[in-house]
Number of protein chains: 2
Amino acid sequence: MMQASATAEQDAPSARQQAVLDAVLGLMVEDGEQLTMDAVARRASCSKETLYKWFGDRDGLLTATVRWQASRVHAGHDAAQVLDGATLRERLQDFAVTWLEVITGPTSVALNRIAIAHAGSRKSNLGGIVLANGRFAIGERVKPVLEAGRAAGLLSFADSEAAFRTFFGLVGRDIQIRLLLGETLDLDGAGIRRDAGRAVEQFLALYGRAKTDPKHQA
Amino acid sequence: MMQASATAEQDAPSARQQAVLDAVLGLMVEDGEQLTMDAVARRASCSKETLYKWFGDRDGLLTATVRWQASRVHAGHDAAQVLDGATLRERLQDFAVTWLEVITGPTSVALNRIAIAHAGSRKSNLGGIVLANGRFAIGERVKPVLEAGRAAGLLSFADSEAAFRTFFGLVGRDIQIRLLLGETLDLDGAGIRRDAGRAVEQFLALYGRAKTDPKHQA
DNA sequence: CGCGTACCGTACGGTACGGTACGCCATTCG
DNA sequence: CGAATGGCGTACCGTACCGTACGGTACGCG
């Protein structure tokens, strides 16, 4: 026994379980309402009893879904410790584009809606999980880049956390809250790249030191 | 007949109705869950029948509540059309402080949670109302100031909407999403003023033209 | 073959909640 | 003073949905 719960600990869910979680994500995106256990079972072609055996209860299912989605977002190259101005700009641009793509994606919007709705009550902090895998995860990946930029004499700041938060604000602006509140603003890839480029230039204008060479720009 | 609905149109709610709406706000803040019609009736010491007579249905009650809260936020001086650097900075600082106070307030957090949760489904766009009275209302009040600053030669930008969105991002950064997702970060008045000041300085560094005189700063 | 296991489909119980109906009191007006 | 109106409290109905129970099927294993 004790084969239950992709909830209890982070035993990676089996393929079948992943299919169930994808069904949950699909339902979330299609219609945030009627995210009912019956609907999930129907969509995933499994029985409710199985859902309860695997995930414990509704919150367990939602938590597992959030974790599952989070696990597939984390991809991305890591530290190139020597930076020149061009690569710094490029790295920041990459982060900005990735972040904008994530938060404008329908899955992210649906998931954040669920997590925010549940953040009001106690129990099962989906909000904490989303924050840890979203805002804070990107922060932990960006800050080393900023610090490398500072070490290379390209950036100037005292607190990397504060610098990152400014970067975050310049990139996201009002986009996420507008999407969460139901506005349908469609950013295509080109628009995202343009937005990201503007944010990076503004960030470098604020924190850049001398030679950041604002040339290649779309 | 036809005496219903502070919902249908924006006939200002009566004093008693305002008390009911305040009860709704209180429940929202205390516990986002159990925002049930029974709870509202109990809290407001009125009968459910009265609630339905006045507001039609649950969505009507929520909509009226959102409007009610929005109506008490709109205060604030308007245009002083001649600007020097100091007053421009001061005006922007005021906007930033006001905005931060609003979004960090428990009422705003609770209200945005409700609106976001409902934005997933169709019908009754609380999200639209919140956006119109929040993000867009502040935008319509800031943009004239920016344009006046440009007319006075203090600022330089092509698109006032784009400039405002940058300002919005510099002020809000990650604060709203973190609060919505359940993090409890407490900003006191001093912290808000400091944050607002930093945002204003950054904005002026990006869009200011020559003589903006960054002197008085906390 | 017989048994256990895992799972699907579905039916069922319990409950919470939106919305309605009704009895009663208080105030107001003819 | 009698009638009407407005609103409070409460009982009630229907439904949606969480969680569970149960029958049926496929598969592996002794």
# chains A, B, ... in the order shown; residues from 1 in each chain; ligands from 1
>>> closest_atom_pairs(of="chain A", to="chain C", cutoff="8 Å", atoms="only C-alpha atoms (C1' of nucleotides)", output="tab-separated table")
residue	atom	partner	partner_atom	distance
A:Ser45	CA	C:DC8	C1'	7.8
A:Cys46	CA	C:DC8	C1'	6.0
A:Ser47	CA	C:DC8	C1'	5.6
A:Thr50	CA	C:DC7	C1'	7.2
>>> write_last_selection(atoms="N, CA and C atoms", output="short mmCIF file (atom, residue, chain, number, x, y, z; two decimals), in the first residue's frame")
data_model
loop_
_atom_site.label_atom_id
_atom_site.label_comp_id
_atom_site.auth_asym_id
_atom_site.auth_seq_id
_atom_site.Cartn_x
_atom_site.Cartn_y
_atom_site.Cartn_z
N SER A 45 -11.19 10.24 -18.92
CA SER A 45 -11.61 8.84 -19.06
C SER A 45 -11.09 7.99 -17.92
N CYS A 46 -11.32 8.48 -16.73
CA CYS A 46 -10.99 7.68 -15.57
C CYS A 46 -12.14 7.81 -14.58
N SER A 47 -12.08 7.04 -13.54
CA SER A 47 -13.18 7.10 -12.59
C SER A 47 -12.85 8.06 -11.47
N THR A 50 -10.65 6.65 -8.81
CA THR A 50 -9.21 6.70 -9.09
C THR A 50 -8.64 8.07 -8.76
#
>>> closest_atom_pairs(of="chain A", to="chain D", cutoff="9 Å", atoms="only C-alpha atoms (C1' of nucleotides)", output="JSON lines")
{"residue": "A:Thr36", "atom": "CA", "partner": "D:DC17", "partner_atom": "C1'", "distance": 7.1}
{"residue": "A:Met37", "atom": "CA", "partner": "D:DC18", "partner_atom": "C1'", "distance": 7.8}
{"residue": "A:Asp38", "atom": "CA", "partner": "D:DC17", "partner_atom": "C1'", "distance": 8.5}
{"residue": "A:Lys48", "atom": "CA", "partner": "D:DG19", "partner_atom": "C1'", "distance": 9.0}
{"residue": "A:Glu49", "atom": "CA", "partner": "D:DT20", "partner_atom": "C1'", "distance": 7.9}
{"residue": "A:Tyr52", "atom": "CA", "partner": "D:DG19", "partner_atom": "C1'", "distance": 8.2}
{"residue": "A:Asp57", "atom": "CA", "partner": "D:DG19", "partner_atom": "C1'", "distance": 8.2}
{"residue": "A:Arg58", "atom": "CA", "partner": "D:DC18", "partner_atom": "C1'", "distance": 8.1}
>>> write_last_selection(atoms="C-alpha atoms", output="compact mmCIF listing (two decimals), in the first residue's frame")
# COMPACT_ATOMS: atom_id res chain seq x y z
CA THR A 36 -15.61 19.60 -11.23
CA MET A 37 -14.33 16.18 -10.31
CA ASP A 38 -16.95 14.62 -12.57
CA LYS A 48 -13.63 9.49 -9.75
CA GLU A 49 -12.56 6.79 -7.38
CA TYR A 52 -9.44 10.24 -5.10
CA ASP A 57 -9.11 15.19 -2.64
CA ARG A 58 -9.89 18.10 -4.87
>>> closest_atom_pairs(of="chain B", to="chain A", cutoff="6 Å", atoms="only C-alpha atoms", output="tab-separated table")
residue	atom	partner	partner_atom	distance
B:Gly32	CA	A:Gly120	CA	4.8
B:Glu33	CA	A:Ser121	CA	5.9
B:Arg113	CA	A:Ala117	CA	5.7
B:Ile116	CA	A:Leu181	CA	5.0
B:Ala117	CA	A:Ala117	CA	5.3
B:Ala119	CA	A:Gly182	CA	5.0
B:Gly120	CA	A:Gly32	CA	4.9
B:Ser121	CA	A:Glu33	CA	6.0
B:Gly127	CA	A:Leu181	CA	4.4
B:Gly169	CA	A:Arg173	CA	3.8
B:Leu170	CA	A:Gly169	CA	5.3
B:Arg173	CA	A:Gly169	CA	3.8
B:Leu180	CA	A:Ile116	CA	5.8
B:Leu181	CA	A:Gly127	CA	4.4
B:Gly182	CA	A:Ala119	CA	5.1
>>> select_by_dssp(residues="range 30-167 of chain B", states="helix (DSSP H, G or I)", output="PyMOL selection string")
chain B and resi 30+37-44+48-55+58-73+85-104+106-119+126-133+135-151+160-167
>>> atom_distance(atom1="CA of Ala132 in chain B", atom2="CA of Thr104 in chain B")
18.2 Å
>>> decode(residues="range 80-109 of chain B", atoms="N, CA and C atoms", output="mmCIF file, in the first residue's frame")
data_model
loop_
_atom_site.group_PDB
_atom_site.id
_atom_site.type_symbol
_atom_site.label_atom_id
_atom_site.label_comp_id
_atom_site.auth_asym_id
_atom_site.auth_seq_id
_atom_site.Cartn_x
_atom_site.Cartn_y
_atom_site.Cartn_z
ATOM 1 N N ALA B 80 -3.392 70.842 -12.660
ATOM 2 C CA ALA B 80 -2.757 72.160 -12.549
ATOM 3 C C ALA B 80 -1.920 72.276 -13.811
ATOM 4 N N GLN B 81 -2.427 73.042 -14.763
ATOM 5 C CA GLN B 81 -1.897 72.891 -16.127
ATOM 6 C C GLN B 81 -0.500 73.442 -16.348
ATOM 7 N N VAL B 82 -0.035 74.299 -15.471
ATOM 8 C CA VAL B 82 1.355 74.730 -15.622
ATOM 9 C C VAL B 82 2.229 73.944 -14.646
ATOM 10 N N LEU B 83 3.258 73.363 -15.189
ATOM 11 C CA LEU B 83 4.087 72.470 -14.378
ATOM 12 C C LEU B 83 5.536 72.925 -14.392
ATOM 13 N N ASP B 84 6.117 72.907 -13.255
ATOM 14 C CA ASP B 84 7.568 72.959 -13.223
ATOM 15 C C ASP B 84 8.064 71.601 -12.758
ATOM 16 N N GLY B 85 9.343 71.433 -12.726
ATOM 17 C CA GLY B 85 9.902 70.124 -12.406
ATOM 18 C C GLY B 85 9.473 69.621 -11.051
ATOM 19 N N ALA B 86 9.441 70.504 -10.083
ATOM 20 C CA ALA B 86 9.114 70.075 -8.728
ATOM 21 C C ALA B 86 7.665 69.597 -8.636
ATOM 22 N N THR B 87 6.752 70.360 -9.203
ATOM 23 C CA THR B 87 5.353 69.944 -9.106
ATOM 24 C C THR B 87 5.094 68.689 -9.916
ATOM 25 N N LEU B 88 5.746 68.552 -11.051
ATOM 26 C CA LEU B 88 5.578 67.310 -11.818
ATOM 27 C C LEU B 88 5.995 66.121 -10.965
ATOM 28 N N ARG B 89 7.161 66.242 -10.370
ATOM 29 C CA ARG B 89 7.628 65.166 -9.538
ATOM 30 C C ARG B 89 6.648 64.900 -8.393
ATOM 31 N N GLU B 90 6.152 65.956 -7.852
ATOM 32 C CA GLU B 90 5.223 65.836 -6.728
ATOM 33 C C GLU B 90 3.927 65.140 -7.159
ATOM 34 N N ARG B 91 3.412 65.558 -8.307
ATOM 35 C CA ARG B 91 2.192 64.936 -8.796
ATOM 36 C C ARG B 91 2.384 63.448 -9.050
ATOM 37 N N LEU B 92 3.482 63.114 -9.675
ATOM 38 C CA LEU B 92 3.744 61.699 -9.938
ATOM 39 C C LEU B 92 3.895 60.932 -8.629
ATOM 40 N N GLN B 93 4.584 61.538 -7.693
ATOM 41 C CA GLN B 93 4.741 60.902 -6.393
ATOM 42 C C GLN B 93 3.378 60.659 -5.756
ATOM 43 N N ASP B 94 2.500 61.640 -5.839
ATOM 44 C CA ASP B 94 1.160 61.467 -5.281
ATOM 45 C C ASP B 94 0.438 60.291 -5.933
ATOM 46 N N PHE B 95 0.502 60.246 -7.248
ATOM 47 C CA PHE B 95 -0.160 59.139 -7.932
ATOM 48 C C PHE B 95 0.416 57.803 -7.482
ATOM 49 N N ALA B 96 1.715 57.746 -7.402
ATOM 50 C CA ALA B 96 2.353 56.475 -7.046
ATOM 51 C C ALA B 96 1.961 56.052 -5.638
ATOM 52 N N VAL B 97 1.996 57.002 -4.718
ATOM 53 C CA VAL B 97 1.629 56.665 -3.345
ATOM 54 C C VAL B 97 0.181 56.207 -3.279
ATOM 55 N N THR B 98 -0.688 56.956 -3.911
ATOM 56 C CA THR B 98 -2.109 56.590 -3.887
ATOM 57 C C THR B 98 -2.314 55.199 -4.463
ATOM 58 N N TRP B 99 -1.688 54.949 -5.563
ATOM 59 C CA TRP B 99 -1.880 53.661 -6.216
ATOM 60 C C TRP B 99 -1.355 52.521 -5.346
ATOM 61 N N LEU B 100 -0.199 52.727 -4.761
ATOM 62 C CA LEU B 100 0.350 51.674 -3.900
ATOM 63 C C LEU B 100 -0.535 51.463 -2.675
ATOM 64 N N GLU B 101 -1.037 52.540 -2.124
ATOM 65 C CA GLU B 101 -1.927 52.376 -0.974
ATOM 66 C C GLU B 101 -3.169 51.592 -1.362
ATOM 67 N N VAL B 102 -3.681 51.870 -2.552
ATOM 68 C CA VAL B 102 -4.885 51.154 -2.987
ATOM 69 C C VAL B 102 -4.598 49.671 -3.154
ATOM 70 N N ILE B 103 -3.597 49.335 -3.944
ATOM 71 C CA ILE B 103 -3.416 47.914 -4.279
ATOM 72 C C ILE B 103 -2.918 47.103 -3.098
ATOM 73 N N THR B 104 -2.303 47.757 -2.115
ATOM 74 C CA THR B 104 -1.879 46.998 -0.949
ATOM 75 C C THR B 104 -2.969 46.903 0.110
ATOM 76 N N GLY B 105 -4.036 47.638 -0.069
ATOM 77 C CA GLY B 105 -5.125 47.587 0.902
ATOM 78 C C GLY B 105 -5.844 46.253 0.863
ATOM 79 N N PRO B 106 -6.260 45.753 1.996
ATOM 80 C CA PRO B 106 -6.937 44.452 2.025
ATOM 81 C C PRO B 106 -8.226 44.441 1.214
ATOM 82 N N THR B 107 -8.910 45.555 1.181
ATOM 83 C CA THR B 107 -10.144 45.590 0.401
ATOM 84 C C THR B 107 -9.858 45.397 -1.079
ATOM 85 N N SER B 108 -8.865 46.093 -1.562
ATOM 86 C CA SER B 108 -8.516 45.944 -2.968
ATOM 87 C C SER B 108 -8.087 44.521 -3.275
ATOM 88 N N VAL B 109 -7.300 43.944 -2.414
ATOM 89 C CA VAL B 109 -6.845 42.574 -2.650
ATOM 90 C C VAL B 109 -8.035 41.626 -2.726
#
